[in-house]
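> Sending over coords.txt (compact mmCIF, C-alpha atoms).
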```txt
# COMPACT_ATOMS: atom_id res chain seq x y z
CA MET A 1 32.99 -70.02 -16.74
CA ARG A 2 33.27 -66.46 -18.10
CA LEU A 3 30.23 -67.15 -20.29
CA VAL A 4 28.19 -68.31 -17.28
CA PHE A 5 29.32 -65.25 -15.32
CA ILE A 6 28.35 -62.80 -18.09
CA TYR A 7 24.91 -64.31 -18.66
CA ALA A 8 24.21 -64.67 -14.93
CA ILE A 9 24.99 -60.99 -14.35
CA ALA A 10 23.04 -59.98 -17.47
CA THR A 11 20.04 -62.02 -16.27
CA LEU A 12 20.15 -60.41 -12.83
CA ILE A 13 20.31 -56.92 -14.34
CA ALA A 14 17.49 -57.76 -16.77
CA LEU A 15 15.33 -59.14 -13.93
CA ALA A 16 16.05 -56.10 -11.76
CA LEU A 17 15.02 -53.77 -14.61
CA GLU A 18 11.93 -55.81 -15.47
CA THR A 19 10.74 -55.90 -11.86
CA THR A 20 11.31 -52.24 -11.03
CA ILE A 21 10.78 -50.05 -14.10
CA PRO A 22 7.14 -51.03 -14.85
CA HIS A 23 6.14 -50.22 -11.28
CA TRP A 24 7.55 -46.69 -11.36
CA LEU A 25 6.92 -45.73 -14.98
CA PRO A 26 3.48 -46.23 -16.57
CA ILE A 27 4.82 -48.25 -19.53
CA GLY A 28 2.87 -51.44 -18.86
CA MET A 29 3.25 -53.83 -21.79
CA LEU A 30 6.01 -51.69 -23.32
CA MET A 31 8.66 -53.21 -21.05
CA PRO A 32 10.79 -55.50 -23.25
CA ASN A 33 11.33 -59.12 -22.29
CA LEU A 34 15.08 -58.71 -21.76
CA VAL A 35 15.75 -62.22 -20.44
CA LEU A 36 14.18 -63.76 -23.53
CA ILE A 37 16.45 -61.63 -25.74
CA LEU A 38 19.41 -63.00 -23.77
CA ALA A 39 18.19 -66.58 -24.35
CA VAL A 40 17.95 -65.97 -28.12
CA ASP A 41 21.44 -64.41 -28.10
CA LEU A 42 22.73 -67.44 -26.25
CA GLY A 43 21.05 -69.87 -28.67
CA MET A 44 22.40 -68.14 -31.74
CA LYS A 45 25.96 -67.74 -30.53
CA HIS A 46 26.75 -70.47 -28.02
CA HIS A 47 26.24 -74.01 -29.20
CA GLY A 48 26.71 -76.35 -26.29
CA ALA A 49 25.09 -78.01 -23.30
CA ILE A 50 26.10 -75.04 -21.12
CA GLY A 51 23.99 -72.75 -23.29
CA ALA A 52 20.92 -74.94 -22.77
CA LEU A 53 21.60 -75.09 -19.03
CA LEU A 54 21.95 -71.30 -18.89
CA ALA A 55 18.67 -70.80 -20.79
CA PHE A 56 16.93 -73.18 -18.37
CA GLY A 57 18.47 -71.30 -15.43
CA MET A 58 17.24 -67.97 -16.79
CA GLY A 59 13.71 -69.33 -17.12
CA TYR A 60 13.88 -70.86 -13.65
CA ALA A 61 15.01 -67.50 -12.25
CA ILE A 62 11.98 -65.79 -13.80
CA ASP A 63 9.70 -68.56 -12.55
CA SER A 64 10.99 -68.48 -9.02
CA PHE A 65 10.91 -64.71 -8.80
CA SER A 66 7.71 -63.83 -10.62
CA GLY A 67 4.65 -65.50 -12.00
CA THR A 68 2.86 -68.31 -10.25
CA HIS A 69 3.63 -71.39 -12.36
CA LEU A 70 7.06 -72.84 -11.70
CA GLY A 71 8.52 -74.40 -14.84
CA LEU A 72 6.62 -72.46 -17.51
CA ASN A 73 9.34 -69.92 -18.29
CA ALA A 74 12.07 -72.52 -17.77
CA PHE A 75 10.39 -74.63 -20.46
CA MET A 76 9.76 -71.74 -22.85
CA LEU A 77 13.27 -70.27 -22.58
CA THR A 78 14.92 -73.69 -23.09
CA LEU A 79 12.69 -74.18 -26.15
CA THR A 80 13.59 -70.68 -27.37
CA TYR A 81 17.27 -71.52 -26.93
CA LEU A 82 16.83 -74.76 -28.87
CA VAL A 83 15.00 -73.03 -31.76
CA ALA A 84 17.60 -70.23 -31.90
CA TYR A 85 20.38 -72.83 -31.86
CA GLY A 86 18.71 -74.88 -34.62
CA LEU A 87 18.05 -71.83 -36.79
CA SER A 88 21.54 -70.41 -36.49
CA ARG A 89 23.02 -73.83 -37.34
CA TYR A 90 20.62 -74.44 -40.21
CA LEU A 91 21.05 -70.95 -41.69
CA ILE A 92 24.73 -70.77 -40.69
CA SER A 93 24.07 -67.21 -39.61
CA THR A 94 24.00 -65.13 -36.44
CA SER A 95 22.54 -62.08 -38.17
CA THR A 96 20.83 -59.58 -35.87
CA THR A 97 17.85 -59.48 -38.26
CA ILE A 98 17.21 -63.18 -37.67
CA GLY A 99 17.58 -62.51 -33.93
CA VAL A 100 15.01 -59.70 -34.09
CA ILE A 101 12.48 -61.90 -35.91
CA LEU A 102 13.16 -64.77 -33.55
CA VAL A 103 12.71 -62.55 -30.47
CA PHE A 104 9.38 -61.26 -31.82
CA VAL A 105 8.05 -64.77 -32.48
CA ALA A 106 9.45 -66.22 -29.25
CA ALA A 107 8.12 -63.33 -27.12
CA THR A 108 4.64 -63.70 -28.64
CA VAL A 109 4.58 -67.49 -28.21
CA THR A 110 6.02 -67.29 -24.67
CA GLY A 111 3.48 -64.63 -23.72
CA LEU A 112 0.67 -66.71 -25.15
CA ALA A 113 1.90 -69.84 -23.34
CA ASN A 114 2.05 -67.85 -20.10
CA SER A 115 -1.49 -66.55 -20.68
CA ILE A 116 -2.84 -70.03 -21.35
CA GLY A 117 -0.90 -71.39 -18.38
CA SER A 118 -2.33 -68.64 -16.19
CA ALA A 119 -5.91 -68.67 -17.50
CA GLY A 120 -6.05 -72.44 -17.50
CA LEU A 121 -6.96 -74.59 -20.46
CA GLU A 122 -10.66 -74.19 -19.68
CA ALA A 123 -10.51 -70.50 -20.67
CA PRO A 124 -8.24 -70.22 -23.73
CA GLY A 125 -10.42 -67.37 -25.04
CA ASP A 126 -9.21 -65.10 -22.21
CA ALA A 127 -5.62 -65.86 -23.15
CA PHE A 128 -6.13 -65.18 -26.88
CA ALA A 129 -7.86 -61.90 -26.04
CA MET A 130 -4.48 -60.72 -24.74
CA LEU A 131 -2.76 -61.40 -28.08
CA PRO A 132 -2.63 -57.73 -29.28
CA GLY A 133 -0.95 -56.68 -26.02
CA LEU A 134 1.45 -59.61 -26.20
CA ALA A 135 2.34 -58.78 -29.82
CA LEU A 136 2.98 -55.17 -28.77
CA ARG A 137 5.35 -56.29 -26.04
CA ALA A 138 7.01 -58.71 -28.46
CA GLY A 139 7.48 -55.81 -30.91
CA VAL A 140 9.13 -53.69 -28.21
CA SER A 141 11.35 -56.65 -27.27
CA ALA A 142 12.32 -57.04 -30.94
CA LEU A 143 13.23 -53.35 -31.12
CA PHE A 144 15.56 -53.73 -28.14
CA THR A 145 17.23 -56.85 -29.54
CA PRO A 146 20.07 -55.15 -31.49
CA TRP A 147 21.09 -53.18 -28.39
CA VAL A 148 21.04 -56.20 -26.10
CA PHE A 149 23.03 -58.22 -28.66
CA ALA A 150 25.53 -55.37 -28.95
CA LEU A 151 25.84 -55.10 -25.17
CA THR A 152 26.40 -58.82 -24.65
CA GLY A 153 28.84 -58.83 -27.58
CA PHE A 154 30.76 -55.95 -26.01
CA SER A 155 30.79 -57.66 -22.59
CA LYS A 156 32.05 -60.91 -24.13
CA ARG A 157 34.83 -59.18 -26.01
CA ALA A 158 35.75 -57.30 -22.82
CA VAL A 159 36.39 -60.57 -20.98
CA GLY A 160 38.11 -62.18 -23.97
CA LEU A 161 35.26 -64.35 -25.26
CA ARG A 162 34.27 -64.72 -28.91
CA SER A 163 30.93 -63.10 -29.73
CA ARG A 164 30.36 -65.40 -32.74
CA PRO A 165 29.14 -69.03 -32.49
CA VAL A 166 31.21 -71.00 -30.03
CA ARG A 167 31.11 -74.79 -29.84
CA GLU A 168 32.31 -76.59 -26.75
CA MET B 169 33.87 -89.01 -27.16
CA ARG B 170 33.60 -86.19 -29.74
CA GLY B 171 32.39 -88.44 -32.55
CA THR B 172 29.70 -90.23 -30.57
CA PHE B 173 25.95 -89.80 -31.02
CA LEU B 174 25.61 -88.32 -27.54
CA TRP B 175 28.26 -85.69 -28.22
CA ARG B 176 26.92 -84.72 -31.64
CA HIS B 177 23.41 -84.23 -30.30
CA ARG B 178 24.29 -82.94 -26.84
CA VAL B 179 22.47 -79.60 -27.25
CA VAL B 180 19.22 -81.21 -28.35
CA LEU B 181 19.51 -83.94 -25.71
CA THR B 182 20.35 -81.51 -22.88
CA SER B 183 17.55 -79.16 -23.95
CA GLY B 184 15.13 -82.09 -24.16
CA ILE B 185 16.00 -83.30 -20.67
CA LEU B 186 15.70 -79.78 -19.28
CA MET B 187 12.33 -79.27 -20.97
CA LEU B 188 11.12 -82.56 -19.50
CA LEU B 189 12.29 -81.36 -16.09
CA ALA B 190 10.42 -78.07 -16.58
CA MET B 191 7.29 -79.98 -17.62
CA HIS B 192 7.62 -82.15 -14.54
CA MET B 193 7.74 -79.00 -12.37
CA LEU B 194 4.69 -77.67 -14.19
CA SER B 195 2.71 -80.88 -13.91
CA ALA B 196 3.64 -81.29 -10.24
CA GLY B 197 2.00 -77.88 -9.76
CA LEU B 198 4.90 -76.47 -7.79
CA ALA B 199 4.25 -72.90 -6.79
CA PRO B 200 7.22 -70.54 -6.47
CA GLY B 201 6.38 -70.32 -2.80
CA ALA B 202 6.64 -74.07 -2.23
CA ARG B 203 9.72 -76.20 -2.99
CA ALA B 204 11.26 -73.39 -5.03
CA GLU B 205 11.32 -71.15 -2.00
CA LYS B 206 15.09 -71.19 -1.53
CA PRO B 207 16.13 -70.04 -5.03
CA SER B 208 13.28 -67.56 -5.03
CA LEU B 209 14.35 -66.09 -1.68
CA ALA B 210 18.00 -66.01 -2.76
CA LEU B 211 17.04 -64.08 -5.90
CA MET B 212 14.89 -61.73 -3.87
CA TRP B 213 17.86 -61.13 -1.57
CA ILE B 214 20.20 -60.46 -4.52
CA LEU B 215 17.79 -58.14 -6.32
CA ARG B 216 16.69 -56.20 -3.25
CA PRO B 217 19.50 -53.57 -3.39
CA PHE B 218 18.80 -52.92 -7.11
CA GLN B 219 15.09 -52.57 -6.44
CA SER B 220 15.58 -50.39 -3.41
CA MET B 221 17.95 -48.16 -5.36
CA SER B 222 15.59 -47.84 -8.29
CA ALA B 223 12.71 -47.00 -5.92
CA ASP B 224 14.85 -44.14 -4.54
CA LEU B 225 15.86 -43.07 -8.06
CA ALA B 226 12.23 -43.08 -9.19
CA GLY B 227 11.34 -40.70 -6.36
CA ASP B 228 14.28 -38.40 -7.15
CA SER B 229 13.76 -38.41 -10.93
CA THR B 230 10.14 -37.24 -10.57
CA GLY B 231 11.43 -34.19 -8.70
CA PHE B 232 14.19 -33.71 -11.27
CA VAL B 233 11.78 -33.74 -14.22
CA HIS B 234 9.50 -31.21 -12.51
CA ASP B 235 12.46 -28.98 -11.70
CA TYR B 236 13.64 -29.13 -15.30
CA PHE B 237 10.31 -27.97 -16.72
CA ASP B 238 10.09 -25.19 -14.14
CA LEU B 239 13.48 -23.88 -15.18
CA VAL B 240 13.18 -24.19 -18.96
CA ASN B 241 11.70 -20.68 -19.44
CA VAL B 242 13.96 -18.87 -17.03
CA ARG B 243 16.35 -16.47 -18.86
CA GLN B 244 19.94 -15.61 -18.07
CA GLU B 245 20.39 -15.22 -14.38
CA ASN B 246 23.19 -14.85 -12.01
CA LEU B 247 24.98 -18.19 -11.67
CA GLN B 248 25.03 -18.00 -7.92
CA LEU B 249 21.32 -17.26 -7.80
CA LYS B 250 20.63 -20.16 -10.12
CA GLN B 251 22.61 -22.48 -7.90
CA GLN B 252 20.74 -21.22 -4.88
CA VAL B 253 17.40 -21.68 -6.63
CA ALA B 254 18.40 -25.18 -7.72
CA THR B 255 19.55 -26.07 -4.23
CA LEU B 256 16.37 -24.70 -2.68
CA GLU B 257 14.27 -26.44 -5.30
CA GLY B 258 16.05 -29.69 -4.56
CA GLN B 259 15.48 -29.23 -0.85
CA ARG B 260 11.85 -28.31 -1.43
CA THR B 261 11.31 -31.41 -3.58
CA ARG B 262 12.97 -33.57 -0.97
CA LEU B 263 10.90 -31.94 1.78
CA ALA B 264 7.72 -32.39 -0.24
CA GLU B 265 8.67 -36.02 -0.80
CA LEU B 266 9.38 -36.43 2.93
CA GLU B 267 6.07 -34.78 3.73
CA VAL B 268 4.22 -37.22 1.47
CA GLU B 269 6.11 -40.14 3.00
CA ASN B 270 5.40 -38.79 6.45
CA ARG B 271 1.70 -38.52 5.63
CA HIS B 272 1.64 -42.08 4.28
CA LEU B 273 3.33 -43.41 7.40
CA SER B 274 1.09 -41.36 9.72
CA ASP B 275 -1.96 -42.71 7.91
CA LEU B 276 -0.61 -46.25 8.28
CA LEU B 277 0.07 -45.66 11.97
CA GLU B 278 -3.46 -44.37 12.43
CA LEU B 279 -4.80 -47.41 10.60
CA ARG B 280 -2.75 -49.72 12.81
CA GLU B 281 -4.22 -48.07 15.90
CA VAL B 282 -7.76 -48.38 14.52
CA LEU B 283 -7.23 -52.06 13.74
CA ALA B 284 -5.71 -52.66 17.18
CA MET B 285 -3.53 -55.42 15.70
CA PRO B 286 0.24 -55.74 15.58
CA ALA B 287 1.48 -54.65 12.17
CA VAL B 288 4.66 -53.75 10.29
CA ALA B 289 4.93 -50.92 7.76
CA ALA B 290 6.88 -51.62 4.56
CA ARG B 291 7.92 -49.77 1.42
CA VAL B 292 7.07 -51.05 -2.06
CA ILE B 293 10.35 -51.55 -3.93
CA GLY B 294 9.38 -53.56 -7.01
CA ALA B 295 6.76 -55.34 -9.03
CA ASP B 296 6.36 -58.54 -11.04
CA ALA B 297 8.42 -59.17 -14.18
CA ASP B 298 5.58 -61.18 -15.69
CA GLU B 299 2.82 -58.94 -17.04
CA LEU B 300 0.18 -61.60 -16.33
CA SER B 301 0.98 -62.07 -12.69
CA ARG B 302 0.40 -59.29 -10.20
CA THR B 303 2.77 -59.14 -7.26
CA LEU B 304 4.75 -56.45 -5.45
CA VAL B 305 8.09 -56.67 -3.67
CA LEU B 306 8.30 -55.09 -0.21
CA SER B 307 11.32 -53.80 1.69
CA GLN B 308 10.67 -55.81 4.88
CA GLY B 309 11.08 -59.54 5.43
CA SER B 310 11.31 -62.34 7.99
CA SER B 311 13.83 -60.36 10.07
CA ASP B 312 10.96 -57.93 10.77
CA GLY B 313 8.67 -60.74 11.85
CA LEU B 314 6.92 -61.29 8.51
CA ARG B 315 5.68 -64.75 7.49
CA ARG B 316 3.85 -66.22 4.51
CA ASP B 317 0.07 -65.70 4.26
CA MET B 318 0.08 -62.52 6.29
CA ALA B 319 -2.46 -59.89 5.20
CA VAL B 320 -1.18 -56.76 3.44
CA ILE B 321 -3.34 -53.64 3.52
CA SER B 322 -3.06 -49.95 2.73
CA THR B 323 -4.96 -46.93 4.01
CA GLU B 324 -7.34 -47.33 1.04
CA GLY B 325 -8.10 -50.99 1.53
CA VAL B 326 -6.98 -54.59 1.10
CA VAL B 327 -3.83 -55.11 -1.01
CA GLY B 328 -3.06 -58.84 -0.86
CA LYS B 329 -1.20 -61.50 1.08
CA LEU B 330 2.47 -62.44 1.43
CA ILE B 331 3.48 -65.43 -0.70
CA ALA B 332 7.27 -65.40 -0.24
CA VAL B 333 9.37 -63.97 2.56
CA ALA B 334 13.16 -63.49 2.45
CA PRO B 335 15.10 -62.06 5.42
CA ASP B 336 15.02 -58.50 4.05
CA ALA B 337 12.29 -58.55 1.43
CA SER B 338 8.96 -60.16 0.72
CA ARG B 339 6.51 -60.66 -2.14
CA VAL B 340 2.79 -59.86 -2.04
CA LEU B 341 0.21 -61.54 -4.24
CA LEU B 342 -2.23 -58.73 -5.09
CA ILE B 343 -5.96 -59.37 -4.80
CA ASN B 344 -6.38 -58.70 -8.55
CA ASP B 345 -4.01 -61.53 -9.51
CA HIS B 346 -5.88 -64.38 -11.22
CA ASN B 347 -4.63 -66.80 -8.53
CA SER B 348 -5.97 -64.70 -5.70
CA GLY B 349 -9.27 -65.17 -3.86
CA LEU B 350 -10.68 -63.83 -0.61
CA ASP B 351 -13.92 -64.22 1.27
CA ALA B 352 -15.96 -60.99 1.28
CA PHE B 353 -19.49 -59.62 1.41
CA ASP B 354 -21.54 -56.72 0.11
CA GLN B 355 -21.82 -54.30 3.01
CA ARG B 356 -25.39 -53.20 2.18
CA SER B 357 -27.12 -56.44 1.19
CA ARG B 358 -24.77 -58.73 3.23
CA ALA B 359 -24.48 -61.05 0.18
CA ARG B 360 -21.34 -63.15 0.53
CA GLY B 361 -18.98 -64.28 -2.22
CA ILE B 362 -15.39 -64.81 -3.26
CA VAL B 363 -13.51 -61.81 -4.61
CA ALA B 364 -11.07 -63.04 -7.25
CA GLY B 365 -8.70 -61.47 -9.75
CA GLN B 366 -8.91 -61.92 -13.50
CA LEU B 367 -6.16 -62.49 -16.06
CA ASN B 368 -6.47 -58.88 -17.28
CA GLY B 369 -6.16 -57.50 -13.73
CA ASP B 370 -9.86 -56.83 -13.12
CA LEU B 371 -11.55 -57.83 -9.89
CA THR B 372 -14.79 -59.82 -9.73
CA MET B 373 -17.03 -61.25 -7.03
CA LYS B 374 -18.01 -64.85 -7.63
CA TYR B 375 -20.67 -67.21 -6.29
CA VAL B 376 -23.23 -64.57 -5.33
CA ASP B 377 -26.72 -65.95 -5.81
CA ARG B 378 -28.90 -64.32 -8.50
CA THR B 379 -31.59 -63.59 -5.94
CA GLU B 380 -29.30 -61.32 -3.92
CA ASP B 381 -29.96 -57.56 -4.00
CA VAL B 382 -26.48 -56.40 -5.06
CA LYS B 383 -26.18 -52.99 -6.75
CA PRO B 384 -23.42 -50.92 -8.37
CA GLY B 385 -21.92 -48.52 -5.86
CA ASP B 386 -22.14 -50.97 -2.95
CA SER B 387 -18.98 -51.43 -0.91
CA VAL B 388 -17.43 -54.87 -0.61
CA VAL B 389 -15.63 -55.70 2.65
CA THR B 390 -13.72 -58.71 3.95
CA SER B 391 -15.70 -61.28 5.91
CA GLY B 392 -12.84 -62.46 8.12
CA MET B 393 -13.67 -66.07 7.32
CA ASP B 394 -10.59 -66.88 5.26
CA GLY B 395 -8.35 -66.73 8.33
CA ILE B 396 -6.09 -64.12 6.68
CA PHE B 397 -7.90 -60.78 6.55
CA PRO B 398 -9.74 -59.37 9.57
CA ARG B 399 -13.46 -58.70 9.10
CA GLY B 400 -14.60 -55.33 7.73
CA LEU B 401 -11.64 -54.19 5.61
CA LEU B 402 -12.65 -52.39 2.42
CA VAL B 403 -11.94 -54.42 -0.73
CA GLY B 404 -13.57 -52.14 -3.31
CA GLN B 405 -16.77 -50.86 -4.84
CA ILE B 406 -19.13 -52.72 -7.12
CA THR B 407 -19.12 -51.15 -10.59
CA ARG B 408 -21.32 -53.54 -12.58
CA VAL B 409 -23.82 -56.29 -11.82
CA SER B 410 -25.23 -58.48 -14.58
CA GLN B 411 -27.05 -61.76 -15.05
CA GLU B 412 -25.57 -62.73 -18.42
CA GLY B 413 -25.15 -66.42 -19.16
CA PRO B 414 -26.94 -69.48 -17.92
CA GLY B 415 -25.24 -69.76 -14.51
CA LEU B 416 -26.76 -69.64 -11.05
CA PHE B 417 -24.72 -66.66 -9.95
CA LEU B 418 -24.45 -62.94 -10.62
CA ASN B 419 -21.55 -61.46 -12.61
CA ILE B 420 -20.15 -58.71 -10.40
CA ASP B 421 -17.27 -56.39 -11.29
CA ILE B 422 -15.43 -54.56 -8.53
CA ARG B 423 -13.12 -51.54 -8.62
CA PRO B 424 -10.41 -52.17 -6.00
CA ALA B 425 -10.19 -49.60 -3.21
CA ALA B 426 -6.39 -49.60 -3.29
CA GLU B 427 -4.58 -48.23 -6.34
CA PHE B 428 -1.92 -50.89 -6.67
CA ARG B 429 0.21 -48.98 -9.19
CA LYS B 430 0.49 -45.97 -6.90
CA LEU B 431 1.22 -47.86 -3.69
CA GLU B 432 4.36 -46.68 -1.92
CA HIS B 433 3.81 -47.91 1.63
CA VAL B 434 1.73 -50.76 2.99
CA LEU B 435 0.93 -52.32 6.33
CA ILE B 436 1.41 -56.02 7.01
CA LEU B 437 -0.73 -57.51 9.76
CA THR B 438 1.57 -59.79 11.71
CA GLN B 439 -1.21 -61.47 13.65
CA LYS B 440 -3.92 -63.63 12.16
CA PRO B 441 -7.52 -62.52 12.80
CA PRO B 442 -9.30 -64.41 15.59
CA GLU B 443 -10.69 -67.79 14.47
CA LEU B 444 -14.44 -67.84 13.97
CA ALA B 445 -16.46 -70.59 15.55
CA PRO B 446 -17.34 -73.30 12.98
CA GLU B 447 -21.08 -72.48 13.16
CA PHE B 448 -20.33 -68.94 11.86
CA LYS B 449 -18.20 -70.10 8.95
CA GLY B 450 -20.95 -71.56 6.80
```
How does the structure come out when it is put into structure tokens?


Amino acid sequence: MRLVFIYAIATLIALALETTIPHWLPIGMLMPNLVLILAVDLGMKHHGAIGALLAFGMGYAIDSFSGTHLGLNAFMLTLTYLVAYGLSRYLISTSTTIGVILVFVAATVTGLANSIGSAGLEAPGDAFAMLPGLALRAGVSALFTPWVFALTGFSKRAVGLRSRPVRE
Amino acid sequence: MRGTFLWRHRVVLTSGILMLLAMHMLSAGLAPGARAEKPSLALMWILRPFQSMSADLAGDSTGFVHDYFDLVNVRQENLQLKQQVATLEGQRTRLAELEVENRHLSDLLELREVLAMPAVAARVIGADADELSRTLVLSQGSSDGLRRDMAVISTEGVVGKLIAVAPDASRVLLINDHNSGLDAFDQRSRARGIVAGQLNGDLTMKYVDRTEDVKPGDSVVTSGMDGIFPRGLLVGQITRVSQEGPGLFLNIDIRPAAEFRKLEHVLILTQKPPELAPEFKG
């Protein structure tokens, strides 16, 4: 329950930041994908059905609040959670470096999937033209990863949760 | 239970089921304004205070940054004088901000009188989290009489239409979003087409016949035939006209009249434009 509470609050804060800062500061693509970082954190450190449900919920929250295709972010964040879970189990590691790499790859793939979803399959060229911008945003997201991991770790310790992999 | 196949693979199975559910939502083509309206509105309601607060902070911080640079080169001064200067500067910044806000609202009021249509003014308090989708969050909602599909305009021109309305907030789909389209015509040549957004945020006019005499610099205005925007509102100016490709139509780029990134206040038309007779719709 504490885990759900922490990630729900973190998602709300991340969404609030992502929906307000870019409008008032001219940073455009430089706004990190904070919710995706949370999904990777969840996948690497919380191995259970609740983690998958939380990742789906995060994606659904993004879908219902922004964008125009319901289900796209829910799908991508659940997939991101699953990959992060698989990697951390396979490598038996929750290293931040792996998290950074994973966030970069996941942010690029999610951005590309969103572009293709938005442009439609009849115009994939338009979506691929956005790749440099998407990679830039993914890079910024990767840079923010250690801080987000540290913040969630701190919050979890503050409420008495383990910040290392937890199995139900 | 713990040793069973289901338990051992619960993460993969749960994720798989959830991804199938997400794919079902995608394939069913549900828009966030349709069946997902309730969660979307609840989120909008929860996030509104954060967004409103950050909109206020953004206004204050601009003044703070300017004040800081003004004061960097000032040498040692009497503490009391400094405090007075700072206080006066703060007041001046606030007054300047109020003056700008007042001007925006006066302009909107003037526009409302010109349009002679009932309208509600709203403040922009947020934007879209997805860099590919272009929407804004407004401070007014259904408690102020707003409904979906109402036209949103600014003093510069057309902004978009409402796609989700919570009691105290609402979301506007901007005209440069790739899912947006509105019926418009070139004011000089009277050539009609559909103004639509592109994935990269540009605005184009589609389905204008190659024989039409459309030129860069022409103004594009709403036709009033989409049942959302009244006729004659400025959409933007044509910046480029080309005939590239094998199609039947011209490629027309438009620069939107409204600067979406700088929008602070908008006007929402709460009444639909009068219906045109079917013979005028063709």

> Please identify every residue of chain A that has at least one atom no more than 6 Å from any atom of chain B, counting only C-alpha atoms, and report them as a ChimeraX atom specification.

/A:18-20,23,48-49,52,64-71,74-75

> Grab the CA of Gly349 (chain B) to CA of Asp377 (chain B) distance for me, in Å with one decimal place.

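Atom-to-atom, CA of Gly349 (chain B) to CA of Asp377 (chain B), that is 17.6 Å.
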
> Counting all atoms listed in the file, which residues sit no farther than 12 Å from the position (20.4, -57.1, -35.4) in the file's frame? I'd like them as a PyMOL selection string.

chain A and resi 37+40-41+44+93-103+142-151+153

> With only C-alpha atoms as the counted atoms, please give the residues lying no more than 6 Å from region 78-82 of chain A, apart from itself and same-chain residues fewer than 2 positions off, as JSON, numbers by chain.

{"A": [39, 40, 43, 55, 56, 75, 76, 84, 85]}

> Which one is closest to Asn73 (chain A): A:Val105, A:Val140, A:Met58, A:Leu15? Count only C-alpha atoms.

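With only C-alpha atoms as the atom set, the closest residue is A:Met58.
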